[in-house]
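Colleague: Have a peek at data33.cif (mmCIF, C-alpha atoms).
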```cif
data_input
#
loop_
_atom_site.label_atom_id
_atom_site.label_comp_id
_atom_site.auth_asym_id
_atom_site.auth_seq_id
_atom_site.Cartn_x
_atom_site.Cartn_y
_atom_site.Cartn_z
CA MET A 1 113.67 -97.08 -72.13
CA GLU A 2 111.95 -100.35 -72.86
CA THR A 3 109.21 -100.37 -75.48
CA LYS A 4 105.97 -102.19 -75.00
CA GLY A 5 105.79 -105.90 -75.61
CA ARG A 6 104.28 -107.37 -78.76
CA ARG A 7 101.31 -109.64 -78.53
CA PRO A 8 101.16 -112.83 -80.59
CA MET A 9 98.50 -112.31 -83.23
CA ARG A 10 96.40 -114.57 -85.45
CA PRO A 11 95.82 -113.03 -88.89
CA MET A 12 95.16 -115.93 -91.33
CA ARG A 13 91.79 -116.71 -92.87
CA LEU A 14 90.95 -120.33 -92.06
CA HIS A 15 87.86 -120.92 -94.15
CA SER A 16 87.99 -123.74 -96.71
CA ILE A 17 90.99 -125.39 -94.98
CA LEU A 18 91.24 -129.07 -94.09
CA PRO A 19 89.57 -130.15 -90.84
CA ALA A 20 93.00 -131.13 -89.54
CA LEU A 21 93.93 -127.46 -89.55
CA VAL A 22 91.10 -126.71 -87.15
CA VAL A 23 92.47 -129.27 -84.73
CA ALA A 24 95.97 -127.91 -85.12
CA ALA A 25 94.76 -124.38 -84.45
CA ILE A 26 93.06 -125.18 -81.13
CA PRO A 27 96.12 -124.13 -79.06
CA LEU A 28 95.92 -120.70 -80.63
CA LEU A 29 92.54 -119.96 -79.11
CA ALA A 30 93.94 -119.84 -75.60
CA ALA A 31 97.19 -118.14 -76.49
CA CYS A 32 98.02 -115.04 -74.47
CA THR A 33 101.17 -113.47 -73.19
CA LYS A 34 101.84 -111.29 -70.20
CA ALA A 35 103.98 -108.95 -72.27
CA ALA A 36 101.22 -106.38 -72.69
CA PRO A 37 98.44 -105.37 -70.28
CA ASN A 38 95.87 -105.35 -73.08
CA ASP A 39 96.13 -109.16 -73.23
CA LEU A 40 94.98 -109.77 -69.68
CA ASN A 41 91.45 -110.66 -70.76
CA GLY A 42 92.83 -113.61 -72.73
CA GLY A 43 91.41 -112.52 -76.10
CA ASN A 44 93.36 -112.72 -79.32
CA GLY A 45 90.91 -111.50 -81.94
CA GLY A 46 92.00 -113.88 -84.68
CA SER A 47 91.83 -117.49 -85.65
CA GLY A 48 95.25 -118.32 -87.01
CA GLY A 49 98.74 -117.01 -87.58
CA GLY A 50 100.59 -116.76 -90.81
CA ASP A 51 103.86 -115.92 -92.46
CA SER A 52 102.75 -113.78 -95.38
CA SER A 53 105.77 -114.67 -97.48
CA GLY A 54 105.27 -118.42 -97.27
CA GLY A 55 101.75 -119.18 -96.08
CA THR A 56 102.78 -120.76 -92.80
CA LEU A 57 100.47 -121.28 -89.83
CA LEU A 58 102.41 -120.36 -86.70
CA VAL A 59 102.11 -121.54 -83.14
CA ASP A 60 104.67 -119.80 -80.93
CA ASP A 61 106.54 -118.84 -84.14
CA ALA A 62 106.81 -122.48 -85.28
CA PRO A 63 105.01 -123.88 -88.36
CA VAL A 64 102.11 -126.30 -87.93
CA LEU A 65 102.69 -129.57 -89.80
CA ASP A 66 100.44 -132.47 -90.71
CA LYS A 67 101.31 -136.11 -90.00
CA THR A 68 103.58 -136.26 -93.06
CA GLY A 69 105.52 -133.18 -92.04
CA THR A 70 103.93 -130.92 -94.68
CA GLN A 71 103.10 -127.35 -93.68
CA LEU A 72 99.31 -127.30 -93.73
CA LEU A 73 98.83 -123.89 -95.32
CA ASP A 74 101.43 -124.61 -97.99
CA ALA A 75 99.09 -127.30 -99.32
CA ARG A 76 96.39 -124.80 -100.21
CA PRO A 77 95.82 -124.40 -103.96
CA LYS A 78 95.72 -121.03 -105.66
CA GLU A 79 92.18 -119.88 -106.45
CA TYR A 80 92.50 -116.57 -108.24
CA ASN A 81 88.81 -116.18 -109.02
CA GLU A 82 87.90 -116.82 -105.39
CA ALA A 83 90.48 -114.18 -104.43
CA LEU A 84 89.04 -111.84 -107.08
CA ARG A 85 85.58 -112.22 -105.60
CA THR A 86 86.82 -111.44 -102.11
CA ALA A 87 88.94 -108.51 -103.26
CA SER A 88 86.12 -106.99 -105.30
CA LEU A 89 83.74 -107.09 -102.34
CA LYS A 90 86.36 -105.46 -100.13
CA LEU A 91 87.57 -102.77 -102.54
CA LEU A 92 84.44 -101.93 -104.52
CA ARG A 93 81.67 -103.44 -102.39
CA GLN A 94 80.32 -105.45 -105.31
CA LEU A 95 80.94 -108.83 -106.93
CA PRO A 96 83.18 -109.07 -110.01
CA THR A 97 81.48 -109.22 -113.39
CA LEU A 98 81.17 -112.41 -115.40
CA ALA A 99 83.60 -110.93 -117.91
CA GLN A 100 86.20 -110.40 -115.18
CA ILE A 101 85.75 -113.95 -113.93
CA LYS A 102 86.07 -115.43 -117.42
CA ALA A 103 89.13 -113.30 -118.17
CA ILE A 104 91.00 -114.84 -115.25
CA ALA A 105 89.64 -118.35 -115.80
CA SER A 106 90.81 -118.36 -119.43
CA ALA A 107 94.08 -116.49 -118.92
CA LYS A 108 97.31 -118.22 -119.85
CA ASP A 109 98.82 -116.83 -116.66
CA GLN A 110 96.06 -116.43 -114.08
CA LYS A 111 98.37 -114.71 -111.59
CA VAL A 112 99.17 -111.93 -114.07
CA ALA A 113 95.50 -111.55 -114.99
CA TYR A 114 94.47 -111.42 -111.33
CA GLU A 115 97.05 -108.77 -110.48
CA ALA A 116 95.88 -106.67 -113.43
CA ALA A 117 92.34 -106.91 -112.09
CA ILE A 118 93.53 -105.79 -108.64
CA ASP A 119 95.29 -102.79 -110.19
CA ALA A 120 92.12 -101.84 -112.03
CA MET A 121 90.11 -101.99 -108.79
CA LEU A 122 92.64 -99.86 -106.92
CA ALA A 123 92.34 -97.26 -109.69
CA ASP A 124 88.54 -97.36 -109.66
CA PRO A 125 86.83 -94.30 -108.09
CA ARG A 126 84.69 -96.68 -106.07
CA PHE A 127 87.84 -97.68 -104.19
CA GLN A 128 88.13 -94.08 -102.97
CA GLU A 129 84.58 -94.19 -101.65
CA ARG A 130 85.18 -97.57 -100.03
CA MET A 131 88.23 -96.20 -98.21
CA ILE A 132 86.26 -93.22 -96.91
CA LYS A 133 83.78 -95.66 -95.39
CA TRP A 134 86.58 -97.83 -93.97
CA TRP A 135 88.41 -94.89 -92.39
CA LYS A 136 85.17 -93.67 -90.84
CA ASP A 137 84.90 -97.05 -89.15
CA VAL A 138 88.56 -97.06 -88.12
CA MET A 139 88.50 -93.50 -86.78
CA ARG A 140 85.05 -93.79 -85.16
CA LEU A 141 84.00 -90.65 -86.97
CA GLY A 142 81.32 -89.58 -89.40
CA GLY A 143 78.65 -86.95 -89.92
CA GLY A 144 78.29 -83.68 -91.75
CA ALA A 145 78.44 -80.21 -90.23
CA ASN A 146 75.34 -79.32 -88.24
CA GLY A 147 74.90 -76.03 -86.43
CA LYS A 148 77.98 -75.50 -84.29
CA ALA A 149 79.11 -79.05 -84.88
CA PRO A 150 81.83 -79.22 -87.56
CA SER A 151 82.00 -82.02 -90.11
CA ARG A 152 83.18 -85.35 -88.75
CA ASP A 153 83.78 -86.58 -92.32
CA THR A 154 86.90 -84.58 -93.13
CA ALA A 155 89.46 -86.63 -91.17
CA PRO A 156 88.36 -89.98 -92.67
CA THR A 157 88.16 -88.34 -96.09
CA PHE A 158 91.69 -87.03 -95.68
CA ALA A 159 92.96 -90.47 -94.68
CA ALA A 160 91.21 -92.03 -97.69
CA ARG A 161 92.75 -89.41 -99.98
CA VAL A 162 96.24 -90.03 -98.59
CA MET A 163 95.75 -93.72 -99.29
CA ALA A 164 94.01 -93.49 -102.68
CA GLU A 165 96.53 -90.99 -104.06
CA GLY A 166 99.53 -92.89 -102.73
CA LEU A 167 100.71 -90.08 -100.48
CA PRO A 168 103.04 -90.84 -97.54
CA PHE A 169 101.02 -91.96 -94.53
CA SER A 170 102.95 -89.40 -92.47
CA THR A 171 101.02 -86.69 -94.35
CA LEU A 172 98.06 -87.55 -92.15
CA PHE A 173 99.84 -85.95 -89.17
CA THR A 174 102.06 -83.35 -90.78
CA ALA A 175 99.98 -81.62 -93.49
CA SER A 176 99.90 -77.87 -92.93
CA SER A 177 97.21 -77.30 -95.58
CA ASN A 178 94.44 -79.22 -97.36
CA ASN A 179 94.00 -81.31 -94.23
CA CYS A 180 90.19 -81.11 -94.30
CA PRO A 181 89.23 -82.20 -97.84
CA THR A 182 85.73 -83.16 -98.89
CA TYR A 183 84.55 -85.67 -101.48
CA ASP A 184 82.48 -84.86 -104.56
CA ALA A 185 80.52 -88.07 -105.08
CA ASP A 186 79.01 -86.88 -108.37
CA ASN A 187 82.42 -86.40 -109.94
CA HIS A 188 84.19 -89.08 -107.87
CA ALA A 189 86.86 -86.64 -106.78
CA PHE A 190 88.48 -85.28 -103.65
CA VAL A 191 88.15 -81.53 -103.17
CA ASP A 192 90.85 -79.50 -101.43
CA GLY A 193 90.00 -77.91 -98.11
CA ASP A 194 91.85 -76.42 -95.15
CA CYS A 195 90.68 -77.20 -91.64
CA LYS A 196 90.96 -73.57 -90.54
CA SER A 197 90.89 -74.72 -86.93
CA GLY A 198 92.31 -71.46 -85.61
CA ALA A 199 95.44 -73.20 -84.33
CA PRO A 200 98.76 -71.36 -84.84
CA ALA A 201 99.64 -74.03 -87.41
CA GLU A 202 97.75 -76.97 -88.85
CA ALA A 203 98.96 -80.54 -88.25
CA GLY A 204 96.93 -82.94 -90.35
CA VAL A 205 94.13 -84.69 -88.47
CA LEU A 206 95.54 -83.46 -85.16
CA THR A 207 93.96 -80.05 -85.81
CA ASP A 208 90.77 -81.30 -87.45
CA PRO A 209 87.82 -79.54 -85.74
CA GLY A 210 85.59 -82.57 -86.27
CA VAL A 211 88.01 -84.78 -84.35
CA MET A 212 88.35 -82.24 -81.56
CA TYR A 213 84.57 -81.84 -81.37
CA GLN A 214 83.82 -85.56 -81.38
CA PHE A 215 86.37 -86.35 -78.67
CA TYR A 216 85.91 -83.32 -76.44
CA GLY A 217 86.09 -84.23 -72.75
CA SER A 218 87.63 -83.52 -69.38
CA MET A 219 91.27 -82.38 -69.56
CA ALA A 220 91.45 -83.42 -73.27
CA PHE A 221 92.02 -87.03 -72.25
CA ARG A 222 89.58 -88.46 -74.82
CA ARG A 223 91.53 -86.77 -77.61
CA VAL A 224 94.77 -88.35 -76.43
CA ARG A 225 93.09 -91.73 -76.17
CA TRP A 226 91.79 -91.37 -79.75
CA VAL A 227 95.30 -90.78 -81.08
CA GLN A 228 96.70 -93.69 -79.07
CA GLU A 229 94.09 -96.27 -79.99
CA ILE A 230 93.59 -95.30 -83.63
CA PHE A 231 97.21 -94.73 -84.63
CA VAL A 232 99.25 -96.78 -82.17
CA CYS A 233 96.72 -99.63 -81.94
CA THR A 234 97.06 -100.18 -78.19
CA LYS A 235 95.33 -98.93 -75.11
CA PHE A 236 97.20 -97.16 -72.35
CA PRO A 237 99.72 -97.65 -70.73
CA ALA A 238 101.86 -96.67 -73.71
CA GLU A 239 105.35 -96.74 -72.18
CA TYR A 240 107.12 -99.27 -70.01
CA SER A 241 110.22 -99.18 -67.87
CA GLY A 242 112.77 -101.96 -67.78
CA THR A 243 112.84 -101.67 -64.00
CA PRO A 244 109.33 -101.44 -62.51
CA ILE A 245 109.05 -100.00 -58.99
CA HIS A 246 106.61 -101.38 -56.43
CA LYS A 247 104.25 -98.68 -55.17
CA GLY A 248 101.19 -99.22 -53.04
CA SER A 249 99.57 -102.48 -54.05
CA ALA A 250 101.06 -102.77 -57.53
CA ASP A 251 104.05 -101.94 -59.72
CA TYR A 252 104.80 -98.59 -61.29
CA THR A 253 105.86 -99.51 -64.82
CA SER A 254 106.25 -96.16 -66.61
CA PRO A 255 109.73 -94.83 -67.44
CA TRP A 256 108.68 -91.30 -66.47
CA PRO A 257 109.58 -89.95 -63.03
CA PHE A 258 106.63 -90.83 -60.81
CA GLU A 259 106.55 -87.29 -59.43
CA SER A 260 106.23 -85.66 -62.89
CA VAL A 261 102.40 -85.65 -62.78
CA ALA A 262 100.20 -83.43 -60.65
CA THR A 263 98.67 -84.29 -57.30
CA ALA A 264 95.92 -81.62 -57.20
CA PRO A 265 93.09 -81.12 -57.81
CA ILE A 266 93.35 -84.73 -59.06
CA ASP A 267 96.02 -86.91 -57.49
CA PHE A 268 97.64 -88.68 -60.44
CA GLN A 269 100.21 -90.10 -58.02
CA ASP A 270 97.53 -92.01 -56.12
CA THR A 271 98.36 -95.68 -55.47
CA LYS A 272 95.47 -96.77 -53.27
CA SER A 273 93.67 -98.92 -55.85
CA VAL A 274 95.54 -98.63 -59.16
CA ILE A 275 98.73 -96.90 -60.19
CA CYS A 276 97.24 -93.93 -62.06
CA ALA A 277 100.66 -92.72 -63.14
CA ASN A 278 101.28 -95.84 -65.26
CA CYS A 279 98.97 -94.30 -67.85
CA HIS A 280 98.90 -90.65 -66.90
CA THR A 281 102.62 -89.95 -67.02
CA THR A 282 102.25 -90.35 -70.79
CA ILE A 283 98.72 -88.99 -71.16
CA ASN A 284 99.36 -85.85 -69.11
CA HIS A 285 102.40 -84.93 -71.19
CA VAL A 286 100.30 -85.00 -74.39
CA ALA A 287 96.88 -83.71 -73.33
CA PRO A 288 97.81 -80.01 -72.94
CA LEU A 289 98.53 -79.87 -76.68
CA PHE A 290 94.83 -80.52 -77.41
CA ALA A 291 93.44 -78.46 -74.54
CA ASN A 292 92.85 -75.18 -76.40
CA PHE A 293 90.22 -76.76 -78.66
CA ASP A 294 86.79 -75.97 -77.24
CA GLU A 295 83.64 -78.10 -77.18
CA ASN A 296 82.90 -77.11 -80.79
CA GLY A 297 86.36 -78.13 -81.97
CA ALA A 298 87.61 -74.58 -82.46
CA TYR A 299 91.06 -73.58 -81.24
CA GLN A 300 91.04 -70.82 -78.62
CA SER A 301 93.78 -68.62 -77.19
CA LYS A 302 93.46 -70.30 -73.79
CA ILE A 303 92.85 -73.75 -72.35
CA SER A 304 89.22 -74.64 -73.10
CA VAL A 305 88.68 -77.93 -71.30
CA LYS A 306 87.70 -78.52 -67.68
CA THR A 307 88.93 -80.54 -64.71
CA PRO A 308 86.23 -82.75 -63.14
CA THR A 309 86.23 -81.58 -59.54
CA ALA A 310 83.40 -81.74 -57.02
CA PRO A 311 80.88 -80.21 -56.81
CA ASP A 312 81.58 -78.42 -60.11
CA ALA A 313 84.17 -78.80 -62.83
CA VAL A 314 86.75 -76.01 -63.06
CA PRO A 315 88.80 -74.66 -65.97
CA THR A 316 91.92 -76.77 -66.40
CA GLU A 317 95.34 -75.28 -65.78
CA MET A 318 98.75 -76.66 -66.73
CA SER A 319 99.37 -77.46 -63.07
CA HIS A 320 96.40 -79.85 -63.12
CA TRP A 321 98.29 -82.18 -65.48
CA LEU A 322 101.94 -81.76 -64.61
CA LYS A 323 104.32 -80.62 -61.92
CA PRO A 324 106.03 -77.22 -62.46
CA GLY A 325 108.84 -77.39 -65.00
CA GLU A 326 107.29 -80.28 -66.98
CA THR A 327 106.53 -79.71 -70.67
CA THR A 328 104.70 -81.59 -73.43
CA TRP A 329 106.11 -84.71 -75.07
CA TRP A 330 104.87 -87.49 -77.36
CA ARG A 331 106.96 -90.08 -75.55
CA MET A 332 109.59 -89.75 -72.83
CA LYS A 333 112.43 -89.30 -75.34
CA THR A 334 110.42 -87.39 -77.95
CA ALA A 335 109.63 -83.78 -77.11
CA ALA A 336 106.55 -82.14 -78.67
CA PRO A 337 106.34 -78.45 -77.80
CA ASP A 338 103.43 -77.81 -80.20
CA LEU A 339 101.01 -79.63 -82.46
CA PRO A 340 103.21 -79.67 -85.61
CA ALA A 341 106.01 -81.15 -83.49
CA LEU A 342 103.57 -83.72 -82.13
CA GLY A 343 102.54 -84.61 -85.67
CA ALA A 344 106.15 -85.02 -86.74
CA ALA A 345 106.87 -87.23 -83.73
CA ILE A 346 103.84 -89.44 -84.42
CA ALA A 347 104.80 -89.71 -88.09
CA LYS A 348 108.26 -91.02 -87.17
CA ASP A 349 107.10 -93.45 -84.50
CA PRO A 350 107.66 -97.05 -85.69
CA ASP A 351 104.70 -98.18 -83.60
CA VAL A 352 102.47 -95.94 -85.73
CA SER A 353 103.76 -97.52 -88.94
CA GLU A 354 103.18 -100.97 -87.50
CA CYS A 355 99.67 -100.00 -86.47
CA ALA A 356 98.80 -98.73 -89.95
CA VAL A 357 100.06 -101.89 -91.63
CA SER A 358 98.34 -104.08 -89.03
CA ARG A 359 95.02 -102.36 -89.64
CA LEU A 360 95.47 -102.88 -93.37
CA TRP A 361 96.21 -106.58 -92.87
CA ASN A 362 93.08 -106.99 -90.77
CA PHE A 363 91.02 -105.25 -93.45
CA THR A 364 92.49 -107.55 -96.10
CA MET A 365 92.03 -110.73 -94.07
CA SER A 366 88.58 -109.85 -92.64
CA LYS A 367 89.72 -109.50 -89.04
CA GLU A 368 88.06 -107.46 -86.33
CA ASP A 369 89.36 -104.27 -84.71
CA ILE A 370 92.92 -104.48 -83.50
CA VAL A 371 92.21 -102.61 -80.25
CA SER A 372 88.67 -103.38 -79.11
CA ASP A 373 88.75 -106.98 -80.35
CA LEU A 374 92.47 -107.61 -79.83
CA ALA A 375 92.77 -108.74 -83.45
CA THR A 376 96.51 -108.23 -83.36
CA VAL A 377 99.05 -109.41 -85.93
CA PRO A 378 102.33 -111.31 -85.36
CA ALA A 379 105.61 -109.59 -86.15
CA ALA A 380 106.50 -112.43 -88.53
CA VAL A 381 103.42 -111.68 -90.63
CA LEU A 382 103.98 -107.92 -90.67
CA LYS A 383 107.69 -107.98 -91.43
CA PRO A 384 107.58 -108.07 -95.26
CA TYR A 385 104.75 -105.56 -95.42
CA LEU A 386 106.41 -103.16 -93.02
CA ALA A 387 109.51 -103.35 -95.19
CA GLU A 388 107.36 -102.61 -98.25
CA PHE A 389 105.61 -99.75 -96.46
CA GLN A 390 108.79 -98.08 -95.20
CA GLY A 391 110.78 -98.72 -98.36
CA ASP A 392 108.11 -97.34 -100.65
CA GLY A 393 107.48 -93.97 -99.02
CA GLN A 394 104.82 -95.15 -96.55
CA ASN A 395 102.46 -95.87 -99.45
CA LEU A 396 99.51 -97.75 -97.94
CA LYS A 397 97.94 -98.36 -101.33
CA LYS A 398 100.98 -100.29 -102.55
CA THR A 399 101.13 -102.17 -99.28
CA LEU A 400 97.48 -103.13 -99.70
CA ARG A 401 98.24 -104.38 -103.22
CA ALA A 402 101.05 -106.53 -101.85
CA MET A 403 98.63 -108.10 -99.36
CA LEU A 404 95.92 -108.70 -101.96
CA THR A 405 98.37 -110.43 -104.29
CA SER A 406 100.12 -112.46 -101.57
CA ASP A 407 100.02 -116.25 -101.30
CA ASP A 408 97.98 -115.93 -98.14
CA PHE A 409 95.19 -114.02 -99.87
CA THR A 410 95.08 -116.04 -103.09
CA SER A 411 95.34 -119.54 -101.54
CA PHE A 412 92.33 -121.42 -100.24
#
```
Show me this structure written as C-alpha cells.
Modeller:
Amino acid sequence: METKGRRPMRPMRLHSILPALVVAAIPLLAACTKAAPNDLNGGNGGSGGGDSSGGTLLVDDAPVLDKTGTQLLDARPKEYNEALRTASLKLLRQLPTLAQIKAIASAKDQKVAYEAAIDAMLADPRFQERMIKWWKDVMRLGGGANGKAPSRDTAPTFAARVMAEGLPFSTLFTASSNNCPTYDADNHAFVDGDCKSGAPAEAGVLTDPGVMYQFYGSMAFRRVRWVQEIFVCTKFPAEYSGTPIHKGSADYTSPWPFESVATAPIDFQDTKSVICANCHTTINHVAPLFANFDENGAYQSKISVKTPTAPDAVPTEMSHWLKPGETTWWRMKTAAPDLPALGAAIAKDPDVSECAVSRLWNFTMSKEDIVSDLATVPAAVLKPYLAEFQGDGQNLKKTLRAMLTSDDFTSF
C-alpha cells in the first residue's frame, strides 16, 4: 500500500529579513505538487521553508544563497530578547516584564538565560490556560454544558492537560479514564473527570460526548472527518494505491477493493461525476464505530445516526456503509473492531505524530491552520522534532521547548 504524498511546506518566519530574501522567496509562492489532492488549489499556507537544525531557507529542498554564496537565513543574528517577547506572547499571552528583559540583556550567556526563561514560562499555570485556548481552536470545540448539550470544553482541556503535564500524546486516544477533565481557573489546576459516555469502554477523546455532540451528522461522517482533519492534518482521501484504476471519468486511487462499499440506499460506487469510493472506502470503514453516539453525544445500544434518503432520512444500518462481510478498520492494514482498538491504531499511526508536531511548529512560527489554510511543513523541517517527539515519549511540551529554543526561533 502506498501512503499519501507529502506536500512541500513553508514554515519559516520571514519578518525582519533582508529584502533580498523576499526576492529569493518568490518561487515559493507558486510552489505546488501533484502528490496530494489537497494541493490542487495551489495554496501553500506559508511564506518560507526552513531546516530547523541549521536555519536554511529551502526551495525544492535546496538552500537559498545570496550573491556571495552565503545561506541567507544563516546570516541572521541571535536576538534572545526579541525571541523572549514572541515566546511570552505565545505561551502566556502577555509581554515579558522589564526584569525579564534586563536579566537576558545583562546575562553573561544570553542563550542560557533565555532557555531558563522559557522553562519558567512552560511551568507557569498561565501556559496551561493558553494551551486550553489553543486546543479549542485546533479542535474547533468550545462551550460549557447546556441542557442536553454536553460540555465541548473537555476534549480541548484533556489535550492541554496531556501537553502541560508531559504525558504521551497517545494518551489522547487511549485513556480509559479521566478523559474528560475540567479546569479550575481559581486554583490553576486540572480536575479529574471521566467522560461517562456510556460506551463499553472509553477511548480518550474518541468517546468524548462533547465531540460526538458537536460533530453529529448523517452516517457519522462528520465525526470521521473531525478525526482525519484534526489528527492526521489532511482532508480525504486518506489512502492511495500504487496502481490507480480508471473508472468512469476519473481514476480510482484507493487501495481498498472498489466493491467493499455499499451501493444502496446511497451508491458509494458511483462514478458518474466523481469517484465517491476514493474517500468513502476509508470513511465507511471507520464511521460505524461512531454511529452509536446519538445527537446528544450519548452512546446507545444501537446505531443512532441516519442515512439521508429522500423524502425522509432513515435509520442507518451496517449495510448502508459496507458490503456484507466487511468490518471496521482505521486503515486498510490496521483493523479496528471497537473504539479502544481505533484509539490504539490512531496512536501508533506515524501520520498522526507528524500532524501533532506540524501543528506545534505552526503555533510556534505563527502559521495558519495546516488543513484549511494548507500551512503545511516540509519533512526536512520536521525531522529533528519528530525524532525528539518519538524519542522522548511523545512529549509535546518538550518538543515545543525544542522549537522555542531553536536557531530558527531565536534568529531575526
Colleague: Residues within 7 Å of segment 319-329 of chain A, please, as an MDAnalysis selection string. Count all atoms listed in the file; anything in the same chain fewer than 2 positions from it doesn't count.
Modeller: chainID A and resid 260:262 264:265 284:286 316:317 331:332 334:337
Colleague: List the spatial neighbours of Gly204 of chain A as a list of chain:residue names - criterion: any atom at most 8 Å away, only C-alpha atoms, same-chain residues fewer than 5 positions off excluded.
Modeller: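 Final neighbour list, sorted by chain and number: A:Thr171, A:Leu172, A:Phe173, A:Thr174, A:Ala175, A:Ser176, A:Ser177, A:Asn179, A:Gly343.
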Colleague: Please, could you write that set of residues out with C-alpha atoms as a compact mmCIF listing (two decimals), keeping the file's coordinate frame?
Modeller:
```
# COMPACT_ATOMS: atom_id res chain seq x y z
CA THR A 171 101.02 -86.69 -94.35
CA LEU A 172 98.06 -87.55 -92.15
CA PHE A 173 99.84 -85.95 -89.17
CA THR A 174 102.06 -83.35 -90.78
CA ALA A 175 99.98 -81.62 -93.49
CA SER A 176 99.90 -77.87 -92.93
CA SER A 177 97.21 -77.30 -95.58
CA ASN A 179 94.00 -81.31 -94.23
CA GLY A 343 102.54 -84.61 -85.67
```
Colleague: Between A:Thr281, A:Asn362, A:Gln394, A:Gln300, which has the minimum distance to Ala347 of chain A (counting all atoms listed in the file)?
Modeller: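 Nearest to Ala347 of chain A: A:Gln394.
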Colleague: Using atom CA of Ala105 of chain A and atom CA of Leu84 of chain A as the two end points, give the distance in Å to one decimal.
Modeller: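 Those two atoms sit 10.9 Å apart.
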Colleague: Around (97.6, -93.2, -62.6), as given in the file, which residues come within 12 Å? Count only C-alpha atoms and list them as a ChimeraX atom specification.
Modeller: /A:236-237,247-248,250-254,256,258-263,266-284,321
Colleague: Do a neighbour search on Thr86 of chain A at 10 Å with only C-alpha atoms, toss out local chain neighbours closer than 4 positions, and write the hits as an mmCIF file with C-alpha atoms, in the coordinates of the input.
Modeller:
```
data_model
loop_
_atom_site.group_PDB
_atom_site.id
_atom_site.type_symbol
_atom_site.label_atom_id
_atom_site.label_comp_id
_atom_site.auth_asym_id
_atom_site.auth_seq_id
_atom_site.Cartn_x
_atom_site.Cartn_y
_atom_site.Cartn_z
ATOM 1 C CA TYR A 80 92.500 -116.570 -108.240
ATOM 2 C CA ASN A 81 88.810 -116.180 -109.020
ATOM 3 C CA GLU A 82 87.900 -116.820 -105.390
ATOM 4 C CA LYS A 90 86.360 -105.460 -100.130
ATOM 5 C CA LEU A 91 87.570 -102.770 -102.540
ATOM 6 C CA ARG A 93 81.670 -103.440 -102.390
ATOM 7 C CA GLN A 94 80.320 -105.450 -105.310
ATOM 8 C CA LEU A 95 80.940 -108.830 -106.930
ATOM 9 C CA PRO A 96 83.180 -109.070 -110.010
ATOM 10 C CA THR A 364 92.490 -107.550 -96.100
ATOM 11 C CA MET A 365 92.030 -110.730 -94.070
ATOM 12 C CA SER A 366 88.580 -109.850 -92.640
ATOM 13 C CA LEU A 404 95.920 -108.700 -101.960
ATOM 14 C CA PHE A 409 95.190 -114.020 -99.870
ATOM 15 C CA THR A 410 95.080 -116.040 -103.090
#
```
Colleague: Write out as an MDAnalysis selection string each polymer residue whose atoms come within 12 Å of segment 185-192 of chain A, counting all atoms listed in the file; drop sequence neighbours fewer than 3 positions from it.
Modeller: chainID A and resid 123:130 132 154 156:165 177:182 195
Colleague: Can I get the selected residues back with C-alpha atoms, as an mmCIF file, in the frame of the given file?
Modeller:
```
data_model
loop_
_atom_site.group_PDB
_atom_site.id
_atom_site.type_symbol
_atom_site.label_atom_id
_atom_site.label_comp_id
_atom_site.auth_asym_id
_atom_site.auth_seq_id
_atom_site.Cartn_x
_atom_site.Cartn_y
_atom_site.Cartn_z
ATOM 1 C CA ALA A 123 92.340 -97.260 -109.690
ATOM 2 C CA ASP A 124 88.540 -97.360 -109.660
ATOM 3 C CA PRO A 125 86.830 -94.300 -108.090
ATOM 4 C CA ARG A 126 84.690 -96.680 -106.070
ATOM 5 C CA PHE A 127 87.840 -97.680 -104.190
ATOM 6 C CA GLN A 128 88.130 -94.080 -102.970
ATOM 7 C CA GLU A 129 84.580 -94.190 -101.650
ATOM 8 C CA ARG A 130 85.180 -97.570 -100.030
ATOM 9 C CA ILE A 132 86.260 -93.220 -96.910
ATOM 10 C CA THR A 154 86.900 -84.580 -93.130
ATOM 11 C CA PRO A 156 88.360 -89.980 -92.670
ATOM 12 C CA THR A 157 88.160 -88.340 -96.090
ATOM 13 C CA PHE A 158 91.690 -87.030 -95.680
ATOM 14 C CA ALA A 159 92.960 -90.470 -94.680
ATOM 15 C CA ALA A 160 91.210 -92.030 -97.690
ATOM 16 C CA ARG A 161 92.750 -89.410 -99.980
ATOM 17 C CA VAL A 162 96.240 -90.030 -98.590
ATOM 18 C CA MET A 163 95.750 -93.720 -99.290
ATOM 19 C CA ALA A 164 94.010 -93.490 -102.680
ATOM 20 C CA GLU A 165 96.530 -90.990 -104.060
ATOM 21 C CA SER A 177 97.210 -77.300 -95.580
ATOM 22 C CA ASN A 178 94.440 -79.220 -97.360
ATOM 23 C CA ASN A 179 94.000 -81.310 -94.230
ATOM 24 C CA CYS A 180 90.190 -81.110 -94.300
ATOM 25 C CA PRO A 181 89.230 -82.200 -97.840
ATOM 26 C CA THR A 182 85.730 -83.160 -98.890
ATOM 27 C CA CYS A 195 90.680 -77.200 -91.640
#
```
Colleague: What are the centre and the three edge lengths of an axis-aligned box that wraps all atoms of segment 378-383 of chain A in the file, given that 6 Å is added to every side, written as lines of an AutoDock Vina configuration file and rounded to one decimal in Å?
Modeller:
```
center_x = 105.0
center_y = -110.2
center_z = -88.4
size_x = 17.4
size_y = 16.5
size_z = 18.1
```
Colleague: For the atom pair atom CA of Ala155 of chain A and atom CA of Ala120 of chain A, what is the interatomic distance in Å to one decimal place?
Modeller: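 Answer for the atom CA of Ala155 of chain A to atom CA of Ala120 of chain A separation: 26.0 Å.
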Colleague: Find the spatial neighbours of Ala287 of chain A, counting all atoms listed in the file, within a cut-off of 7 Å - ignore same-chain residues fewer than 3 positions away - and output them as a list in words.
Modeller: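 Residues meeting the cut-off are Met219, Ala220, Phe221, Val224, Ile283, Asn284, Phe290 and Ala291 of chain A.
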Colleague: May I ask for the distance between atom CA of Val352 of chain A and atom CA of Phe169 of chain A, given in Å to one decimal place?
Modeller: 9.8 Å
Colleague: Go through A:Glu354, A:Glu295, A:Asp194, A:Asp153 one by one, measure the shortest atom-to-atom distance of each to Tyr216 of chain A using all atoms listed in the file, and give the residue with the smallest value.
Modeller: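 Residue with the minimum atom-to-atom distance to Tyr216 of chain A: A:Glu295.
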Colleague: Let me know the residues the PyMOL selection byres ((chain A and resi 115) around 10) catches in the file above, as number ranges by chain.
Modeller: A: 80, 84, 104, 110-114, 116-121, 401-402, 404-405
Colleague: Starting from the point (78.0, -80.1, -88.5), work out which residues of protein, DNA or RNA have an atom no more than 12 Å away when counting only C-alpha atoms; state them as a ChimeraX atom specification.
Modeller: /A:142-154,209-211,213-214,296-297
